[in-house]
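Peer 1: File data.txt below, compact mmCIF, C-alpha atoms:
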```txt
# COMPACT_ATOMS: atom_id res chain seq x y z
CA MET A 4 14.64 1.00 17.42
CA LEU A 5 17.11 0.05 14.73
CA ALA A 6 20.77 0.61 15.51
CA ARG A 7 21.16 2.49 12.27
CA THR A 8 18.78 5.10 11.11
CA LEU A 9 17.68 5.38 7.54
CA HIS A 10 19.64 8.57 7.30
CA ALA A 11 22.86 6.84 8.28
CA ASP A 12 22.12 4.17 5.70
CA LEU A 13 21.57 6.79 3.04
CA LEU A 14 24.92 8.34 3.90
CA SER A 15 26.61 4.94 3.81
CA ALA A 16 25.13 4.26 0.43
CA ILE A 17 26.31 7.60 -0.87
CA ALA A 18 29.82 7.06 0.51
CA GLU A 19 30.00 3.56 -0.94
CA HIS A 20 28.75 4.77 -4.27
CA ARG A 21 31.38 7.46 -4.35
CA ALA A 22 34.16 5.09 -3.33
CA SER A 23 33.38 2.18 -5.60
CA GLY A 24 30.59 3.23 -7.91
CA ALA A 25 28.26 0.75 -6.29
CA VAL A 26 26.26 0.32 -3.11
CA SER A 27 27.00 -2.77 -1.05
CA PRO A 28 24.33 -5.47 -0.74
CA GLY A 29 24.24 -4.93 3.04
CA THR A 30 23.42 -1.25 2.72
CA ARG A 31 20.88 -2.01 0.02
CA ALA A 32 19.22 -4.53 2.30
CA ARG A 33 19.02 -2.03 5.15
CA LEU A 34 17.52 0.55 2.83
CA ALA A 35 15.05 -2.01 1.59
CA ALA A 36 14.09 -2.74 5.19
CA ALA A 37 13.76 0.96 5.89
CA GLN A 38 11.43 1.39 2.98
CA GLN A 39 9.14 -1.24 4.48
CA ALA A 40 8.84 0.68 7.68
CA PHE A 41 10.61 3.68 9.05
CA THR A 42 11.46 3.13 12.70
CA ASN A 43 9.48 6.14 13.84
CA ASP A 44 8.28 9.57 12.80
CA VAL A 45 11.68 11.11 13.49
CA ASP A 46 13.15 8.89 10.77
CA VAL A 47 10.44 9.82 8.28
CA VAL A 48 10.70 13.52 9.00
CA ASN A 49 14.51 13.40 8.84
CA TYR A 50 14.21 11.67 5.49
CA ALA A 51 11.99 14.51 4.25
CA LEU A 52 14.39 17.02 5.80
CA THR A 53 17.30 15.46 3.89
CA LEU A 54 15.51 16.23 0.64
CA GLU A 55 14.39 19.68 1.74
CA HIS A 56 18.00 20.59 2.59
CA LEU A 57 18.98 19.52 -0.92
CA GLU A 58 16.21 21.59 -2.49
CA SER A 59 16.94 24.60 -0.31
CA ALA A 60 20.61 24.53 -1.32
CA PHE A 61 19.70 24.07 -4.96
CA TYR A 62 17.57 27.21 -5.22
CA LYS A 63 20.40 29.30 -3.74
CA LEU A 64 22.02 28.87 -7.17
CA ALA A 65 19.13 30.49 -9.01
CA SER A 66 20.42 34.03 -8.59
CA GLN A 67 23.42 33.18 -10.80
CA TYR A 68 21.20 32.92 -13.86
CA THR A 69 18.56 34.88 -15.74
CA PHE A 70 15.50 32.95 -16.84
CA GLY A 71 13.16 35.30 -18.64
CA ASN A 72 9.42 34.70 -18.77
CA ASP A 73 7.27 31.57 -18.60
CA PRO A 74 4.63 30.79 -21.29
CA PHE A 75 2.08 32.83 -19.33
CA GLY A 76 4.24 35.95 -19.25
CA ASN A 77 5.37 35.68 -15.61
CA SER A 78 8.96 36.22 -14.53
CA ILE A 79 10.51 32.79 -13.95
CA ASP A 80 13.18 34.39 -11.78
CA GLU A 81 10.47 35.71 -9.48
CA TRP A 82 8.70 32.37 -9.11
CA LEU A 83 12.00 30.59 -8.50
CA GLY A 84 12.57 33.01 -5.63
CA VAL A 85 9.19 32.05 -4.15
CA ILE A 86 9.93 28.34 -4.56
CA GLY A 87 13.31 28.78 -2.85
CA SER A 88 11.67 30.54 0.08
CA HIS A 89 9.23 27.64 0.41
CA GLU A 90 12.06 25.10 0.57
CA ASP A 91 13.75 27.20 3.27
CA ALA A 92 10.47 27.25 5.20
CA HIS A 93 10.17 23.48 4.86
CA VAL A 94 13.68 22.99 6.24
CA GLU A 95 12.90 25.21 9.18
CA ALA A 96 9.54 23.56 9.87
CA LEU A 97 10.83 19.98 9.63
CA THR A 98 13.86 20.80 11.75
CA GLY A 99 11.46 22.10 14.37
CA VAL A 100 9.34 18.95 14.21
CA VAL A 101 12.33 16.62 14.61
CA THR A 102 13.58 18.64 17.57
CA GLN A 103 10.12 18.68 19.13
CA LEU A 104 9.95 14.90 18.77
CA GLY A 105 13.24 14.61 20.67
CA GLY A 106 15.23 13.64 17.60
CA GLU A 107 18.35 15.08 16.06
CA PRO A 108 17.60 16.97 12.84
CA VAL A 109 19.88 16.05 9.93
CA ALA A 110 22.10 18.87 8.71
CA ALA A 111 22.63 20.05 5.17
CA ALA A 112 25.27 18.26 3.09
CA GLU A 113 27.50 19.58 0.33
CA TYR A 114 25.98 19.30 -3.09
CA ASP A 115 27.00 19.46 -6.70
CA PHE A 116 24.00 19.91 -8.96
CA LYS A 117 26.12 20.09 -12.11
CA VAL A 118 24.17 23.11 -13.26
CA THR A 119 25.95 25.01 -16.02
CA ASP A 120 23.33 27.42 -17.32
CA ALA A 121 19.72 28.55 -16.91
CA ALA A 122 18.37 25.68 -19.00
CA SER A 123 20.15 22.99 -16.98
CA PHE A 124 19.04 24.72 -13.78
CA LEU A 125 15.39 24.47 -14.82
CA THR A 126 15.71 20.86 -15.95
CA THR A 127 17.29 19.94 -12.62
CA ALA A 128 14.68 21.96 -10.72
CA ALA A 129 11.88 20.03 -12.40
CA ALA A 130 13.63 16.73 -11.65
CA VAL A 131 14.18 17.63 -8.00
CA GLU A 132 10.58 18.77 -7.45
CA ASN A 133 9.08 15.72 -9.11
CA LEU A 134 11.42 13.58 -7.01
CA GLY A 135 10.23 15.37 -3.88
CA VAL A 136 6.59 14.59 -4.63
CA ALA A 137 7.40 10.92 -5.25
CA ALA A 138 9.44 10.72 -2.04
CA TYR A 139 6.73 12.22 0.18
CA ASP A 140 4.10 10.00 -1.42
CA GLY A 141 6.27 6.94 -0.79
CA ALA A 142 6.84 7.84 2.85
CA GLY A 143 3.44 9.26 3.83
CA ALA A 144 1.94 5.96 4.92
CA SER A 145 4.85 5.43 7.32
CA ILE A 146 3.93 8.51 9.34
CA GLN A 147 2.28 7.61 12.64
CA SER A 148 1.13 10.97 13.95
CA PRO A 149 -1.98 12.42 12.27
CA ASP A 150 -0.71 15.93 12.81
CA ILE A 151 2.62 15.21 11.16
CA LEU A 152 0.78 13.57 8.27
CA LEU A 153 -1.26 16.77 7.88
CA ALA A 154 1.89 18.87 7.82
CA ALA A 155 3.58 16.51 5.35
CA GLY A 156 0.46 16.61 3.19
CA GLY A 157 0.59 20.39 3.20
CA ILE A 158 4.21 20.28 2.11
CA VAL A 159 3.87 17.62 -0.59
CA ALA A 160 1.02 19.57 -2.17
CA VAL A 161 3.33 22.56 -2.48
CA GLU A 162 6.09 20.39 -3.98
CA ALA A 163 3.53 19.17 -6.51
CA ARG A 164 2.54 22.76 -7.30
CA HIS A 165 6.24 23.58 -7.82
CA ALA A 166 6.69 20.49 -9.98
CA ALA A 167 3.73 21.39 -12.20
CA TYR A 168 5.08 24.88 -12.72
CA LEU A 169 8.60 23.71 -13.53
CA ASN A 170 7.21 21.13 -15.93
CA VAL A 171 5.36 23.94 -17.71
CA VAL A 172 8.55 26.00 -17.86
CA THR A 173 10.56 23.10 -19.28
CA GLY A 174 7.89 22.22 -21.85
CA ALA A 175 6.62 19.04 -20.18
CA SER A 176 3.06 18.28 -19.11
CA PRO A 177 2.41 19.85 -15.70
CA PHE A 178 0.51 16.68 -14.75
CA PRO A 179 1.95 13.74 -16.69
CA ALA A 180 -0.31 11.09 -15.14
CA ALA A 181 -3.68 10.74 -13.39
CA VAL A 182 -1.87 9.62 -10.23
CA GLU A 183 1.61 10.24 -8.84
CA THR A 184 4.13 7.41 -8.76
CA PRO A 185 5.51 7.04 -5.23
CA LYS A 186 9.18 6.22 -4.82
CA THR A 187 10.83 4.20 -2.07
CA PRO A 188 13.79 5.73 -0.21
CA GLN A 189 16.04 3.45 -2.27
CA GLU A 190 14.62 4.78 -5.52
CA VAL A 191 14.87 8.34 -4.27
CA LEU A 192 18.50 7.74 -3.37
CA GLU A 193 19.24 6.55 -6.89
CA VAL A 194 18.11 9.92 -8.23
CA ALA A 195 19.49 12.11 -5.45
CA LYS A 196 22.92 10.61 -4.82
CA PRO A 197 24.69 12.18 -7.81
CA PHE A 198 23.89 15.57 -6.29
CA ILE A 199 25.30 14.84 -2.83
CA VAL A 200 29.06 15.38 -2.61
CA SER A 201 29.62 14.77 1.08
CA GLY A 202 27.71 13.88 4.19
CA MET A 203 26.78 16.08 7.03
CA MET B 1 -31.64 26.97 -6.19
CA THR B 2 -35.02 25.54 -5.25
CA SER B 3 -36.22 24.34 -1.87
CA HIS B 4 -35.85 20.89 -3.36
CA GLN B 5 -33.86 18.52 -1.14
CA LEU B 6 -30.18 18.30 -1.90
CA PRO B 7 -29.56 14.59 -1.66
CA HIS B 8 -25.80 14.61 -2.19
CA ALA B 9 -25.14 17.60 -0.02
CA ALA B 10 -27.45 16.04 2.52
CA ARG B 11 -25.58 12.79 2.24
CA LEU B 12 -22.30 14.55 2.87
CA GLN B 13 -23.82 16.30 5.85
CA HIS B 14 -25.20 13.00 7.08
CA LEU B 15 -21.81 11.37 6.77
CA ILE B 16 -20.36 14.14 8.84
CA ASP B 17 -23.18 14.38 11.38
CA ARG B 18 -23.36 10.74 12.24
CA HIS B 19 -19.67 10.60 12.94
CA VAL B 20 -19.31 13.36 15.47
CA PHE B 21 -16.88 12.21 18.07
CA ARG B 22 -19.40 11.68 20.84
CA HIS B 23 -20.83 8.86 18.76
CA ASN B 24 -17.55 7.72 17.44
CA ALA B 25 -15.09 5.23 18.80
CA LEU B 26 -12.41 6.76 16.66
CA SER B 27 -10.94 9.59 18.65
CA ARG B 28 -8.06 11.92 18.20
CA ARG B 29 -6.49 10.53 21.36
CA ALA B 30 -6.79 6.99 20.10
CA LEU B 31 -5.01 7.96 16.93
CA LEU B 32 -2.15 9.58 18.77
CA ARG B 33 0.13 6.72 19.57
CA ASN B 34 1.92 8.35 22.49
CA GLY B 35 2.52 11.61 24.28
CA ALA B 36 5.74 12.41 22.43
CA VAL B 37 3.89 12.27 19.15
CA ALA B 38 1.21 14.56 20.52
CA GLY B 39 3.94 17.08 21.37
CA GLY B 40 5.19 16.97 17.81
CA GLY B 41 1.68 17.42 16.61
CA LEU B 42 1.53 20.83 18.20
CA VAL B 43 4.51 21.86 16.12
CA ALA B 44 2.87 20.50 13.02
CA ILE B 45 -0.28 22.46 13.74
CA SER B 46 1.68 25.64 14.24
CA ILE B 47 3.30 25.10 10.83
CA LEU B 48 -0.13 24.83 9.29
CA GLY B 49 -1.43 27.81 11.21
CA ALA B 50 1.50 29.90 10.03
CA SER B 51 0.46 29.48 6.42
CA GLY B 52 -2.42 31.89 7.03
CA VAL B 53 -5.21 32.53 4.60
CA GLY B 54 -4.79 31.16 1.10
CA ALA B 55 -4.98 33.32 -2.00
CA GLN B 56 -8.51 32.18 -2.65
CA GLY B 57 -9.69 33.21 0.76
CA MET B 58 -9.71 29.73 2.29
CA ALA B 59 -8.99 30.30 5.93
CA THR B 60 -6.49 27.92 7.42
CA PRO B 61 -8.19 25.97 10.16
CA GLU B 62 -6.66 26.59 13.53
CA ALA B 63 -7.50 23.19 14.92
CA SER B 64 -6.69 19.77 13.58
CA PRO B 65 -9.46 18.17 11.52
CA MET B 66 -9.10 15.26 13.90
CA ASP B 67 -10.92 17.49 16.38
CA GLU B 68 -13.80 17.77 13.92
CA PRO B 69 -16.48 15.27 13.05
CA ALA B 70 -14.83 12.19 11.64
CA PHE B 71 -15.60 9.35 9.30
CA MET B 72 -16.57 5.94 10.59
CA ASN B 73 -14.61 3.84 8.14
CA ASP B 74 -12.51 3.84 4.98
CA VAL B 75 -15.55 3.57 2.71
CA ASP B 76 -16.92 6.81 4.12
CA VAL B 77 -13.62 8.60 3.55
CA LEU B 78 -13.37 7.27 0.00
CA ASN B 79 -16.98 8.21 -0.74
CA TYR B 80 -16.19 11.70 0.50
CA ALA B 81 -13.32 11.86 -2.02
CA LEU B 82 -15.52 10.31 -4.71
CA THR B 83 -18.19 12.96 -4.13
CA LEU B 84 -15.63 15.64 -4.95
CA GLU B 85 -14.19 13.73 -7.91
CA HIS B 86 -17.68 13.32 -9.42
CA LEU B 87 -18.15 17.06 -9.06
CA GLU B 88 -14.82 17.79 -10.77
CA THR B 89 -15.45 15.25 -13.51
CA ALA B 90 -18.83 16.73 -14.38
CA PHE B 91 -17.38 20.23 -14.25
CA TYR B 92 -14.64 19.56 -16.82
CA ARG B 93 -16.59 17.16 -19.03
CA ASP B 94 -19.62 19.40 -19.41
CA GLY B 95 -17.76 22.70 -19.25
CA LEU B 96 -15.18 21.87 -21.89
CA ALA B 97 -17.92 20.56 -24.18
CA LYS B 98 -19.87 23.77 -23.71
CA ILE B 99 -16.97 26.21 -24.04
CA GLY B 100 -14.94 24.39 -26.64
CA ALA B 101 -11.40 25.15 -27.74
CA ALA B 102 -12.63 28.46 -29.14
CA GLY B 103 -13.73 29.57 -25.70
CA ILE B 104 -10.26 28.98 -24.32
CA THR B 105 -8.37 30.57 -27.22
CA GLY B 106 -10.85 33.45 -26.95
CA LEU B 107 -9.28 34.21 -23.57
CA GLY B 108 -5.94 34.71 -25.31
CA PHE B 109 -4.54 31.26 -24.55
CA GLN B 110 -2.84 28.94 -27.02
CA GLU B 111 -4.92 25.96 -28.13
CA GLY B 112 -2.61 23.71 -26.09
CA VAL B 113 -4.29 25.04 -22.97
CA PHE B 114 -7.57 23.45 -24.05
CA ASP B 115 -5.74 20.16 -24.45
CA ARG B 116 -4.26 20.51 -20.97
CA LEU B 117 -7.73 21.09 -19.54
CA GLY B 118 -8.78 17.94 -21.38
CA GLU B 119 -5.97 16.08 -19.59
CA ILE B 120 -7.33 17.33 -16.29
CA ALA B 121 -10.80 16.12 -17.28
CA ALA B 122 -9.36 12.68 -18.05
CA HIS B 123 -7.58 12.59 -14.68
CA GLU B 124 -10.74 13.41 -12.75
CA ALA B 125 -12.62 10.70 -14.63
CA ALA B 126 -9.82 8.24 -13.81
CA HIS B 127 -10.05 9.21 -10.14
CA VAL B 128 -13.80 8.54 -10.19
CA GLU B 129 -13.23 5.16 -11.76
CA THR B 130 -10.50 4.20 -9.30
CA LEU B 131 -12.37 5.31 -6.18
CA THR B 132 -15.59 3.65 -7.37
CA SER B 133 -13.71 0.42 -7.90
CA VAL B 134 -11.96 0.51 -4.52
CA ILE B 135 -15.19 1.28 -2.65
CA THR B 136 -16.88 -1.64 -4.39
CA GLN B 137 -13.99 -3.93 -3.52
CA LEU B 138 -14.31 -2.87 0.12
CA GLY B 139 -17.98 -3.89 0.05
CA GLY B 140 -19.28 -0.33 0.07
CA THR B 141 -21.74 1.46 -2.18
CA PRO B 142 -20.03 4.14 -4.26
CA VAL B 143 -21.87 7.46 -4.40
CA ALA B 144 -23.17 8.34 -7.85
CA GLU B 145 -22.71 11.52 -9.82
CA ALA B 146 -25.14 14.28 -8.86
CA THR B 147 -26.36 17.33 -10.75
CA TYR B 148 -24.46 20.53 -10.23
CA ASP B 149 -24.70 24.24 -10.75
CA PHE B 150 -21.23 25.76 -10.90
CA GLY B 151 -22.54 29.24 -11.47
CA TYR B 152 -20.18 30.33 -14.25
CA THR B 153 -21.55 31.87 -17.42
CA ASP B 154 -18.52 32.16 -19.71
CA ALA B 155 -15.07 30.77 -20.42
CA ALA B 156 -13.38 33.11 -17.98
CA GLY B 157 -15.79 32.00 -15.27
CA PHE B 158 -15.06 28.37 -16.11
CA VAL B 159 -11.31 28.90 -15.76
CA MET B 160 -11.80 30.71 -12.44
CA THR B 161 -14.10 27.99 -11.12
CA SER B 162 -11.51 25.40 -12.14
CA MET B 163 -8.98 27.00 -9.81
CA VAL B 164 -11.45 27.17 -6.93
CA LEU B 165 -12.46 23.52 -7.32
CA GLU B 166 -8.89 22.28 -7.58
CA ASN B 167 -7.88 24.23 -4.49
CA ILE B 168 -10.77 22.72 -2.57
CA GLY B 169 -9.79 19.27 -3.82
CA VAL B 170 -6.17 19.59 -2.69
CA SER B 171 -7.16 20.85 0.74
CA ALA B 172 -9.89 18.24 1.12
CA TYR B 173 -7.55 15.31 0.43
CA ASN B 174 -5.04 16.77 2.84
CA GLY B 175 -7.62 17.15 5.59
CA ALA B 176 -8.98 13.63 5.05
CA ALA B 177 -5.62 11.83 4.94
CA PRO B 178 -5.36 11.18 8.71
CA TYR B 179 -8.61 9.20 8.54
CA LEU B 180 -6.87 6.66 6.28
CA GLN B 181 -3.82 6.12 8.48
CA GLN B 182 -4.98 2.70 9.60
CA SER B 183 -5.02 1.60 5.93
CA PRO B 184 -1.57 2.44 4.52
CA ASP B 185 -2.36 1.26 0.99
CA LEU B 186 -5.46 3.44 0.78
CA LEU B 187 -3.55 6.36 2.26
CA THR B 188 -0.79 6.03 -0.34
CA ALA B 189 -3.38 5.81 -3.11
CA ALA B 190 -5.10 8.94 -1.80
CA LEU B 191 -1.76 10.76 -1.60
CA THR B 192 -1.01 9.94 -5.23
CA ILE B 193 -4.32 11.54 -6.23
CA HIS B 194 -3.76 14.46 -3.87
CA GLY B 195 -0.48 15.34 -5.63
CA VAL B 196 -2.17 15.44 -9.03
CA GLU B 197 -4.93 17.71 -7.71
CA ALA B 198 -2.18 20.03 -6.49
CA ARG B 199 -0.60 20.01 -9.96
CA HIS B 200 -3.98 20.85 -11.48
CA ALA B 201 -4.42 23.66 -8.94
CA SER B 202 -1.01 25.08 -9.81
CA TYR B 203 -1.80 25.13 -13.51
CA ALA B 204 -5.29 26.55 -12.97
CA ALA B 205 -3.76 29.37 -10.91
CA LEU B 206 -1.41 30.18 -13.80
CA LEU B 207 -4.40 30.39 -16.15
CA ASN B 208 -5.98 32.90 -13.79
CA GLY B 209 -2.85 35.00 -13.40
CA GLU B 210 -2.56 33.91 -9.77
CA ASN B 211 0.38 32.60 -7.75
CA PRO B 212 0.58 28.86 -8.53
CA PHE B 213 1.97 28.17 -5.04
CA PRO B 214 0.63 30.83 -2.69
CA ASP B 215 1.71 29.16 0.56
CA ALA B 216 4.81 27.33 1.80
CA VAL B 217 2.45 24.78 3.33
CA ASN B 218 -0.83 24.18 1.54
CA PRO B 219 -3.78 24.79 3.88
CA TYR B 220 -6.08 21.87 4.50
CA LEU B 221 -9.84 21.87 4.87
CA THR B 222 -11.90 19.80 7.26
CA PRO B 223 -14.84 17.83 5.84
CA ALA B 224 -17.22 20.41 7.35
CA GLN B 225 -15.37 23.25 5.62
CA VAL B 226 -15.41 21.38 2.32
CA LEU B 227 -19.13 20.84 2.66
CA GLU B 228 -19.62 24.52 3.28
CA GLN B 229 -17.70 25.45 0.13
CA ALA B 230 -18.68 22.68 -2.29
CA GLY B 231 -22.12 21.71 -0.97
CA PRO B 232 -23.97 24.63 -2.59
CA LEU B 233 -22.71 23.49 -6.02
CA ILE B 234 -24.66 20.24 -5.68
CA VAL B 235 -28.25 20.89 -6.72
CA GLY B 236 -29.77 17.46 -7.18
CA SER B 237 -29.23 13.72 -7.37
```
Just dump the structure as structure tokens.
Peer 2:
Amino acid sequence: MLARTLHADLLSAIAEHRASGAVSPGTRARLAAAQQAFTNDVDVVNYALTLEHLESAFYKLASQYTFGNDPFGNSIDEWLGVIGSHEDAHVEALTGVVTQLGGEPVAAAEYDFKVTDAASFLTTAAAVENLGVAAYDGAGASIQSPDILLAAGGIVAVEARHAAYLNVVTGASPFPAAVETPKTPQEVLEVAKPFIVSGM
Amino acid sequence: MTSHQLPHAARLQHLIDRHVFRHNALSRRALLRNGAVAGGGLVAISILGASGVGAQGMATPEASPMDEPAFMNDVDVLNYALTLEHLETAFYRDGLAKIGAAGITGLGFQEGVFDRLGEIAAHEAAHVETLTSVITQLGGTPVAEATYDFGYTDAAGFVMTSMVLENIGVSAYNGAAPYLQQSPDLLTAALTIHGVEARHASYAALLNGENPFPDAVNPYLTPAQVLEQAGPLIVGS
């Protein structure tokens, strides 16, 4: 097992980025190694949990705004509430899996999503959901347990359903391509790090 | 439906039958790398079980599909996916041609909805092309398109059937994913299709006035369950 977990490397990268505006070559190299192969399922699930914490915290902000109706006449506020409850359920489920595997579940961080109004909330929501799909797709093949892969598959499908809806709401295609584009942890970090203010 | 043989449904059944575990070297235990992972698996199953019955009445399986009949090799898994993609491709290609934009706007939708359905049709065709190509590269024989009877009679029925098929597709990919774990590249490719099927399903639910994301964890279907639901739609070779 690696001395440093991917999660620790992610936190290092975030701290370095905040301190100097750049991520050191050493941290980048470790992240690159991690993207080749997570050490074990605990690392993969904690990686997913890191993103689910971020999403869960994000949707807590939704109640500050009023969103009106989507193009099909549904209340956006209502669907955002459902999405938020899903992210909470994902956090709880993944925390349980990490604990069951004998690992230490990562905790939530402090976030700044730079949301200023309903429109920027929805734009960020779409970005976060599409990022989630890409992250799960990039990590899925690193999962060793078939049962955990099944659970991750069940979660990523829901993230994709969220993403399609939020794309509709923001005027984008719900399904911009015939296949998803997976992202490595490093690429995910590039998108997520501006939202993470401090580590856990 | 006639008493005529159902070659594609039969082929699916054959694929499943000949890979029951008692004939199969691939076992659930062999796939579980160690006891600790098996323990975690129980948690994962309970997550899936907690999601209950989906909005479209698809019961969440209580056992892992790895307990069910399995596939012998990657080609079989990919042909299973290809069978469903052929079905979806034919459904959208023929249905959209039959119904036309007027059929969709007649339901009260903007014309853009017809274009979106056309995007879905193009995606399914791309999935067929990709899977056919990969199976060929692996030295396998890709299954061909069959003939289908989707049972709908009007535009509303088409839109409803779209949601049902997409939901089956999402759950089928999810249930089949563990069979590709020994081939990470194929698994990643399947996951990238799986996500798009989920996006289609979300949009199709919106068109039907249904919850686009009815569960916190999408239920999966075993190959046997998929056969039960999709098999009757296949009426000939």
Peer 1: Measuring between all atoms listed in the file, which one of B:Val75, B:Ala230, B:Ala122, B:Ala144 shows the shortest distance to chain A?
Peer 2: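 Closest candidate: B:Ala122.
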Peer 1: Just checking: using all atoms listed in the file, which residue out of B:Glu210, B:Glu85, B:Asp149, B:Asp115 ends up closest to B:Ser237?
Peer 2: B:Asp149
Peer 1: Which is closer to chain A than all the others in B:Leu84, B:Val143, B:Ala224, B:Leu187, using only C-alpha atoms?
Peer 2: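 For chain A, the nearest of the given residues is B:Leu187.
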Peer 1: Using only C-alpha atoms, I'd like every residue of chain A that has an atom within 7 Å of chain B; please write them out as a JSON list (two decimals) with C-alpha atoms, in the frame of the given file.
Peer 2:
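Saved result, part.json, follows:
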```
[["chain", "number", "residue", "atom", "x", "y", "z"],
["A", 89, "HIS", "CA", 9.23, 27.64, 0.41],
["A", 92, "ALA", "CA", 10.47, 27.25, 5.20],
["A", 96, "ALA", "CA", 9.54, 23.56, 9.87],
["A", 100, "VAL", "CA", 9.34, 18.95, 14.21],
["A", 103, "GLN", "CA", 10.12, 18.68, 19.13],
["A", 104, "LEU", "CA", 9.95, 14.90, 18.77],
["A", 140, "ASP", "CA", 4.10, 10.00, -1.42],
["A", 143, "GLY", "CA", 3.44, 9.26, 3.83],
["A", 144, "ALA", "CA", 1.94, 5.96, 4.92],
["A", 148, "SER", "CA", 1.13, 10.97, 13.95],
["A", 149, "PRO", "CA", -1.98, 12.42, 12.27],
["A", 150, "ASP", "CA", -0.71, 15.93, 12.81],
["A", 151, "ILE", "CA", 2.62, 15.21, 11.16],
["A", 152, "LEU", "CA", 0.78, 13.57, 8.27],
["A", 153, "LEU", "CA", -1.26, 16.77, 7.88],
["A", 154, "ALA", "CA", 1.89, 18.87, 7.82],
["A", 156, "GLY", "CA", 0.46, 16.61, 3.19],
["A", 157, "GLY", "CA", 0.59, 20.39, 3.20],
["A", 158, "ILE", "CA", 4.21, 20.28, 2.11],
["A", 160, "ALA", "CA", 1.02, 19.57, -2.17],
["A", 161, "VAL", "CA", 3.33, 22.56, -2.48],
["A", 163, "ALA", "CA", 3.53, 19.17, -6.51],
["A", 164, "ARG", "CA", 2.54, 22.76, -7.30],
["A", 165, "HIS", "CA", 6.24, 23.58, -7.82],
["A", 167, "ALA", "CA", 3.73, 21.39, -12.20],
["A", 168, "TYR", "CA", 5.08, 24.88, -12.72],
["A", 177, "PRO", "CA", 2.41, 19.85, -15.70],
["A", 178, "PHE", "CA", 0.51, 16.68, -14.75],
["A", 181, "ALA", "CA", -3.68, 10.74, -13.39],
["A", 182, "VAL", "CA", -1.87, 9.62, -10.23],
["A", 183, "GLU", "CA", 1.61, 10.24, -8.84],
["A", 184, "THR", "CA", 4.13, 7.41, -8.76]]
```
Peer 1: Neighbouring residues of stretch 129-135 of chain A were defined as those with any atom within 6 Å, considering all atoms listed in the file; residues of the same chain fewer than 6 positions away were excluded. Please report them as a list in words.
Peer 2: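 Residues meeting the cut-off are Glu162, Ala166, Leu169 and Asn170 of chain A.
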Peer 1: How many Å separate atom CA of B:Leu78 from atom CA of B:Met163?
Peer 2: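 Atom CA of B:Leu78 sits 22.5 Å away from atom CA of B:Met163.
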Peer 1: Could you give me, as an MDAnalysis selection string, the residues within 6 Å of stretch 67-78 of chain A, counting only C-alpha atoms and dropping anything in the same chain fewer than 2 positions from it?
Peer 2: chainID A and resid 64:65 80:81 121 172
Peer 1: For each of B:Ala81, B:Ala172, B:Leu131, B:Ala204, take the minimum atom-to-atom distance to B:Ala156, counting all atoms listed in the file, then give the residue where this is smallest.
Peer 2: B:Ala204
Peer 1: In Å, with one decimal, what is the gap from atom CA of B:Leu233 to atom CA of A:Ala180?
Peer 2: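 Spanning atom CA of B:Leu233 to atom CA of A:Ala180 is a straight-line distance of 27.2 Å.
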